[in-house]
file work-v7.txt (compact mmCIF, N, CA and C atoms)
# COMPACT_ATOMS: atom_id res chain seq x y z
N MET S 343 88.09 76.14 90.92
CA MET S 343 88.50 74.79 90.66
C MET S 343 90.03 74.71 90.66
N LEU S 344 90.56 73.71 91.30
CA LEU S 344 92.01 73.54 91.35
C LEU S 344 92.51 72.92 90.04
N ILE S 345 93.62 73.47 89.54
CA ILE S 345 94.29 72.90 88.38
C ILE S 345 95.75 72.69 88.75
N SER S 346 96.44 71.87 87.99
CA SER S 346 97.85 71.61 88.31
C SER S 346 98.66 72.89 88.10
N LEU S 347 99.75 72.98 88.80
CA LEU S 347 100.61 74.15 88.68
C LEU S 347 101.12 74.29 87.25
N LYS S 348 101.41 73.17 86.61
CA LYS S 348 101.88 73.22 85.22
C LYS S 348 100.82 73.83 84.30
N GLU S 349 99.57 73.39 84.45
CA GLU S 349 98.47 73.95 83.65
C GLU S 349 98.32 75.44 83.91
N TYR S 350 98.39 75.82 85.19
CA TYR S 350 98.25 77.22 85.58
C TYR S 350 99.33 78.07 84.91
N CYS S 351 100.58 77.59 84.96
CA CYS S 351 101.69 78.35 84.36
C CYS S 351 101.53 78.47 82.85
N LEU S 352 101.17 77.38 82.20
CA LEU S 352 100.98 77.43 80.74
C LEU S 352 99.83 78.36 80.37
N LYS S 353 98.79 78.38 81.19
CA LYS S 353 97.65 79.28 80.96
C LYS S 353 98.08 80.75 81.01
N HIS S 354 99.05 81.04 81.89
CA HIS S 354 99.53 82.41 82.05
C HIS S 354 100.78 82.71 81.22
N GLY S 355 101.20 81.75 80.40
CA GLY S 355 102.35 81.97 79.53
C GLY S 355 103.67 82.00 80.28
N LYS S 356 103.76 81.28 81.37
CA LYS S 356 104.97 81.24 82.19
C LYS S 356 105.58 79.84 82.18
N ASP S 357 106.85 79.78 82.46
CA ASP S 357 107.56 78.50 82.55
C ASP S 357 107.15 77.80 83.86
N PRO S 358 106.81 76.51 83.81
CA PRO S 358 106.45 75.80 85.05
C PRO S 358 107.55 75.85 86.12
N ALA S 359 108.81 75.91 85.72
CA ALA S 359 109.89 76.02 86.72
C ALA S 359 109.77 77.33 87.49
N THR S 360 109.38 78.39 86.82
CA THR S 360 109.17 79.68 87.49
C THR S 360 108.02 79.56 88.49
N GLY S 361 106.97 78.85 88.09
CA GLY S 361 105.83 78.63 88.99
C GLY S 361 106.23 77.87 90.24
N ARG S 362 107.07 76.83 90.05
CA ARG S 362 107.53 76.06 91.22
C ARG S 362 108.36 76.94 92.16
N GLN S 363 109.19 77.81 91.59
CA GLN S 363 109.99 78.71 92.43
C GLN S 363 109.09 79.65 93.22
N ARG S 364 108.06 80.15 92.55
CA ARG S 364 107.14 81.08 93.23
C ARG S 364 106.35 80.36 94.32
N VAL S 365 105.95 79.10 94.08
CA VAL S 365 105.26 78.33 95.11
C VAL S 365 106.17 78.15 96.32
N ALA S 366 107.44 77.85 96.07
CA ALA S 366 108.39 77.66 97.17
C ALA S 366 108.55 78.93 97.99
N ARG S 367 108.41 80.09 97.36
CA ARG S 367 108.53 81.37 98.07
C ARG S 367 107.22 81.82 98.71
N GLY S 368 106.13 81.07 98.45
CA GLY S 368 104.84 81.43 99.04
C GLY S 368 104.13 82.54 98.30
N ALA S 369 104.35 82.67 96.99
CA ALA S 369 103.79 83.77 96.22
C ALA S 369 102.31 83.57 95.87
N PHE S 370 101.81 82.35 95.97
CA PHE S 370 100.42 82.07 95.62
C PHE S 370 99.62 81.79 96.88
N LYS S 371 98.44 82.41 96.97
CA LYS S 371 97.60 82.23 98.16
C LYS S 371 96.87 80.90 98.16
N THR S 372 96.52 80.40 96.96
CA THR S 372 95.67 79.20 96.91
C THR S 372 96.43 77.93 96.58
N ALA S 373 97.75 77.98 96.52
CA ALA S 373 98.54 76.79 96.16
C ALA S 373 98.49 75.76 97.28
N VAL S 374 98.22 74.52 96.90
CA VAL S 374 98.21 73.40 97.85
C VAL S 374 98.98 72.24 97.25
N LYS S 375 99.61 71.48 98.11
CA LYS S 375 100.37 70.32 97.65
C LYS S 375 99.58 69.06 97.99
N LEU S 376 99.29 68.29 96.96
CA LEU S 376 98.59 67.02 97.14
C LEU S 376 99.54 65.92 96.68
N GLY S 377 100.05 65.18 97.63
CA GLY S 377 101.07 64.18 97.30
C GLY S 377 102.36 64.91 96.95
N ARG S 378 102.84 64.70 95.73
CA ARG S 378 104.07 65.38 95.32
C ARG S 378 103.82 66.53 94.36
N ASP S 379 102.56 66.76 93.98
CA ASP S 379 102.21 67.77 92.98
C ASP S 379 101.53 68.97 93.62
N TRP S 380 101.76 70.13 93.01
CA TRP S 380 101.14 71.38 93.45
C TRP S 380 99.91 71.68 92.59
N PHE S 381 98.88 72.21 93.25
CA PHE S 381 97.66 72.62 92.56
C PHE S 381 97.33 74.04 93.02
N ILE S 382 96.63 74.76 92.15
CA ILE S 382 96.32 76.16 92.43
C ILE S 382 94.96 76.49 91.82
N GLU S 383 94.25 77.40 92.44
CA GLU S 383 92.95 77.84 91.88
C GLU S 383 93.20 78.48 90.51
N GLU S 384 92.39 78.07 89.52
CA GLU S 384 92.64 78.55 88.17
C GLU S 384 92.39 80.05 88.01
N ASP S 385 91.58 80.65 88.89
CA ASP S 385 91.30 82.09 88.75
C ASP S 385 92.22 82.97 89.60
N GLU S 386 93.22 82.39 90.27
CA GLU S 386 94.17 83.21 91.01
C GLU S 386 95.04 83.99 90.02
N PRO S 387 95.17 85.30 90.21
CA PRO S 387 95.97 86.10 89.27
C PRO S 387 97.47 85.85 89.46
N TRP S 388 98.22 85.99 88.38
CA TRP S 388 99.69 85.92 88.44
C TRP S 388 100.16 87.34 88.74
N VAL S 389 100.57 87.58 89.97
CA VAL S 389 100.96 88.92 90.40
C VAL S 389 102.47 89.06 90.32
N ASP S 390 102.91 90.13 89.67
CA ASP S 390 104.34 90.41 89.55
C ASP S 390 104.73 91.35 90.68
N ASN S 391 105.49 90.86 91.64
CA ASN S 391 105.82 91.65 92.83
C ASN S 391 107.15 92.39 92.72
N ARG S 392 107.74 92.39 91.52
CA ARG S 392 109.02 93.08 91.39
C ARG S 392 108.84 94.59 91.52
N ASN S 393 109.89 95.27 91.94
CA ASN S 393 109.84 96.72 92.08
C ASN S 393 109.97 97.46 90.76
N GLY S 394 110.53 96.84 89.78
CA GLY S 394 110.72 97.49 88.50
C GLY S 394 111.99 97.03 87.83
N THR S 395 112.28 97.66 86.72
CA THR S 395 113.48 97.29 86.00
C THR S 395 114.69 98.01 86.57
N ASN S 396 115.85 97.68 86.08
CA ASN S 396 117.07 98.32 86.56
C ASN S 396 117.04 99.82 86.37
N SER S 397 116.35 100.29 85.33
CA SER S 397 116.31 101.73 85.09
C SER S 397 115.56 102.48 86.19
N LYS S 398 114.80 101.75 86.99
CA LYS S 398 114.05 102.39 88.07
C LYS S 398 114.73 102.23 89.42
N ARG S 399 116.00 101.84 89.42
CA ARG S 399 116.71 101.67 90.68
C ARG S 399 116.84 102.97 91.45
N TRP S 400 116.97 104.06 90.73
CA TRP S 400 117.14 105.36 91.37
C TRP S 400 115.77 105.88 91.76
N LYS S 401 115.33 105.59 92.93
CA LYS S 401 114.03 106.05 93.38
C LYS S 401 114.19 107.43 94.02
N THR S 402 113.10 108.18 94.04
CA THR S 402 113.19 109.55 94.54
C THR S 402 113.53 109.62 96.02
N GLU S 403 113.24 108.56 96.79
CA GLU S 403 113.57 108.64 98.21
C GLU S 403 115.05 108.46 98.48
N LYS S 404 115.81 107.98 97.49
CA LYS S 404 117.25 107.84 97.67
C LYS S 404 117.92 109.19 97.40
N LYS S 405 118.91 109.49 98.20
CA LYS S 405 119.66 110.72 98.00
C LYS S 405 121.10 110.35 97.67
N ILE S 406 121.64 111.01 96.70
CA ILE S 406 123.02 110.77 96.30
C ILE S 406 123.77 112.08 96.45
N TYR S 407 124.84 112.03 97.18
CA TYR S 407 125.66 113.21 97.39
C TYR S 407 126.91 113.07 96.53
N LEU S 408 127.26 114.13 95.84
CA LEU S 408 128.45 114.05 95.01
C LEU S 408 129.18 115.38 94.97
N ASP S 409 130.46 115.28 94.69
CA ASP S 409 131.31 116.44 94.49
C ASP S 409 131.70 116.49 93.02
N LEU S 410 131.63 117.67 92.42
CA LEU S 410 132.08 117.86 91.05
C LEU S 410 133.30 118.76 91.10
N LYS S 411 134.36 118.33 90.46
CA LYS S 411 135.58 119.12 90.45
C LYS S 411 136.16 119.16 89.03
N SER S 412 136.53 120.35 88.60
CA SER S 412 137.25 120.56 87.35
C SER S 412 137.93 121.92 87.47
N GLU S 413 138.54 122.39 86.39
CA GLU S 413 139.19 123.70 86.44
C GLU S 413 138.19 124.81 86.74
N ASN S 414 136.98 124.69 86.20
CA ASN S 414 135.98 125.76 86.33
C ASN S 414 134.86 125.44 87.30
N CYS S 415 134.97 124.33 87.99
CA CYS S 415 133.84 123.87 88.80
C CYS S 415 134.33 123.24 90.09
N ASN S 416 133.70 123.57 91.19
CA ASN S 416 133.96 122.93 92.47
C ASN S 416 132.67 123.00 93.27
N GLU S 417 131.82 122.01 93.10
CA GLU S 417 130.50 122.02 93.71
C GLU S 417 130.23 120.73 94.46
N SER S 418 129.47 120.84 95.54
CA SER S 418 128.93 119.67 96.23
C SER S 418 127.43 119.76 96.11
N MET S 419 126.77 118.62 95.91
CA MET S 419 125.32 118.67 95.72
C MET S 419 124.68 117.35 96.11
N GLU S 420 123.38 117.39 96.16
CA GLU S 420 122.55 116.23 96.44
C GLU S 420 121.62 116.06 95.25
N VAL S 421 121.55 114.85 94.72
CA VAL S 421 120.65 114.58 93.59
C VAL S 421 119.78 113.38 93.90
N HIS S 422 118.68 113.27 93.15
CA HIS S 422 117.72 112.18 93.39
C HIS S 422 117.56 111.27 92.18
N SER S 423 118.18 111.60 91.05
CA SER S 423 118.01 110.76 89.86
C SER S 423 119.19 110.97 88.92
N LEU S 424 119.32 110.08 87.97
CA LEU S 424 120.37 110.23 86.96
C LEU S 424 120.14 111.47 86.12
N GLU S 425 118.88 111.75 85.78
CA GLU S 425 118.57 112.93 84.97
C GLU S 425 118.97 114.20 85.70
N GLU S 426 118.65 114.25 86.99
CA GLU S 426 119.00 115.43 87.79
C GLU S 426 120.51 115.58 87.88
N MET S 427 121.22 114.45 88.02
CA MET S 427 122.68 114.50 88.09
C MET S 427 123.25 115.07 86.79
N SER S 428 122.72 114.62 85.66
CA SER S 428 123.20 115.11 84.36
C SER S 428 122.97 116.61 84.23
N LYS S 429 121.78 117.07 84.64
CA LYS S 429 121.47 118.50 84.56
C LYS S 429 122.41 119.32 85.44
N GLN S 430 122.66 118.81 86.66
CA GLN S 430 123.53 119.53 87.58
C GLN S 430 124.95 119.64 87.03
N ILE S 431 125.44 118.55 86.44
CA ILE S 431 126.79 118.58 85.87
C ILE S 431 126.86 119.62 84.77
N MET S 432 125.88 119.65 83.88
CA MET S 432 125.88 120.61 82.77
C MET S 432 125.70 122.03 83.28
N GLU S 433 124.96 122.21 84.37
CA GLU S 433 124.71 123.55 84.90
C GLU S 433 125.94 124.11 85.60
N PHE S 434 126.63 123.30 86.39
CA PHE S 434 127.70 123.81 87.21
C PHE S 434 129.08 123.71 86.58
N CYS S 435 129.25 122.87 85.58
CA CYS S 435 130.56 122.71 84.96
C CYS S 435 130.51 123.23 83.53
N SER S 436 131.63 123.69 83.04
CA SER S 436 131.65 124.23 81.68
C SER S 436 131.47 123.11 80.66
N LYS S 437 130.92 123.47 79.53
CA LYS S 437 130.68 122.51 78.46
C LYS S 437 132.00 121.89 78.00
N GLU S 438 133.05 122.68 77.98
CA GLU S 438 134.36 122.19 77.55
C GLU S 438 134.87 121.11 78.50
N ASP S 439 134.72 121.35 79.80
CA ASP S 439 135.17 120.36 80.78
C ASP S 439 134.43 119.04 80.62
N VAL S 440 133.12 119.13 80.40
CA VAL S 440 132.31 117.93 80.26
C VAL S 440 132.70 117.19 78.98
N GLU S 441 132.84 117.93 77.86
CA GLU S 441 133.19 117.29 76.59
C GLU S 441 134.58 116.68 76.61
N GLU S 442 135.51 117.34 77.30
CA GLU S 442 136.88 116.82 77.37
C GLU S 442 137.01 115.70 78.40
N GLY S 443 136.00 115.54 79.23
CA GLY S 443 136.04 114.49 80.25
C GLY S 443 136.93 114.84 81.42
N THR S 444 137.11 116.12 81.68
CA THR S 444 137.98 116.53 82.79
C THR S 444 137.21 116.81 84.08
N VAL S 445 135.94 116.45 84.13
CA VAL S 445 135.16 116.63 85.34
C VAL S 445 135.33 115.37 86.19
N THR S 446 135.69 115.56 87.46
CA THR S 446 135.82 114.45 88.39
C THR S 446 134.57 114.42 89.25
N ILE S 447 133.92 113.28 89.26
CA ILE S 447 132.70 113.12 90.07
C ILE S 447 133.02 112.15 91.19
N THR S 448 132.81 112.59 92.42
CA THR S 448 133.04 111.76 93.58
C THR S 448 131.73 111.57 94.31
N PHE S 449 131.30 110.32 94.47
CA PHE S 449 130.07 110.02 95.20
C PHE S 449 130.40 109.90 96.68
N LYS S 450 129.57 110.54 97.50
CA LYS S 450 129.78 110.51 98.95
C LYS S 450 128.59 109.84 99.60
N LYS S 451 128.82 109.34 100.80
CA LYS S 451 127.73 108.76 101.59
C LYS S 451 127.16 109.78 102.52
call {"tool": "encode", "arguments": {"input": "work-v7.txt", "output": "C-alpha cells"}}
result
Amino acid sequence: MLISLKEYCLKHGKDPATGRQRVARGAFKTAVKLGRDWFIEEDEPWVDNRNGTNSKRWKTEKKIYLDLKSENCNESMEVHSLEEMSKQIMEFCSKEDVEEGTVTITFKK
C-alpha cells in the first residue's frame, strides 16, 4: 500500500527533508509522484548506502607510502591502515624520537 513520503519517513524515524533528498537521488525503488506529492510503498526498507564513518576511510585496498626520518631512523614503507602506520613508526624509530616529536613523516604518492 502506498503511503505519503512524510508518513514513511516518520515511520522510520527520519526527517521528511532527508526522505525528499533521497527521492531526488533515486534511492527508493517504489517512490512515485502523484501531483506534487511523493508516495512510497510502506514495506520498502530504508537502506543506508553509505560506506561507513570517517574512521573507516582507510580501507585495506588503499596503500599509503611514507618515509620516516629521524636521528635513528630512515625508512620507507607502505601501510594500509592508521594502526599499521603507528606500529611501523614505533618499530622503526626509537621511543625517544617518537616521544620528543622529532620523527618526520612524509607521505608519498
call {"tool": "atom_distance", "arguments": {"input": "work-v7.txt", "atom1": "atom CA of S:Val365", "atom2": "atom CA of S:Trp388"}}
result
11.5 Å
call {"tool": "atom_distance", "arguments": {"input": "work-v7.txt", "atom1": "atom N of S:Leu344", "atom2": "atom CA of S:Ile382"}}
result
6.4 Å
call {"tool": "closest_residue", "arguments": {"input": "work-v7.txt", "among": "S:Glu383, S:Ala359, S:Glu426, S:Asp409", "to": "S:Lys371", "atoms": "all atoms listed in the file"}}
result
S:Glu383
call {"tool": "closest_residue", "arguments": {"input": "work-v7.txt", "among": "S:Tyr407, S:Phe434, S:Trp380, S:Phe370", "to": "S:Leu347", "atoms": "all atoms listed in the file"}}
result
S:Trp380
call {"tool": "atom_distance", "arguments": {"input": "work-v7.txt", "atom1": "atom CA of S:Pro387", "atom2": "atom CA of S:Lys375"}}
result
18.4 Å
call {"tool": "closest_residue", "arguments": {"input": "work-v7.txt", "among": "S:Cys435, S:Pro358, S:Met419, S:Met427", "to": "S:Phe381", "atoms": "only C-alpha atoms"}}
result
S:Pro358
call {"tool": "closest_residue", "arguments": {"input": "work-v7.txt", "among": "S:Arg362, S:Lys411, S:Lys356, S:Lys429", "to": "S:Arg378", "atoms": "only C-alpha atoms"}}
result
S:Arg362
call {"tool": "closest_residue", "arguments": {"input": "work-v7.txt", "among": "S:Val389, S:Val421, S:Ile431, S:Val374", "to": "S:His354", "atoms": "only C-alpha atoms"}}
result
S:Val389
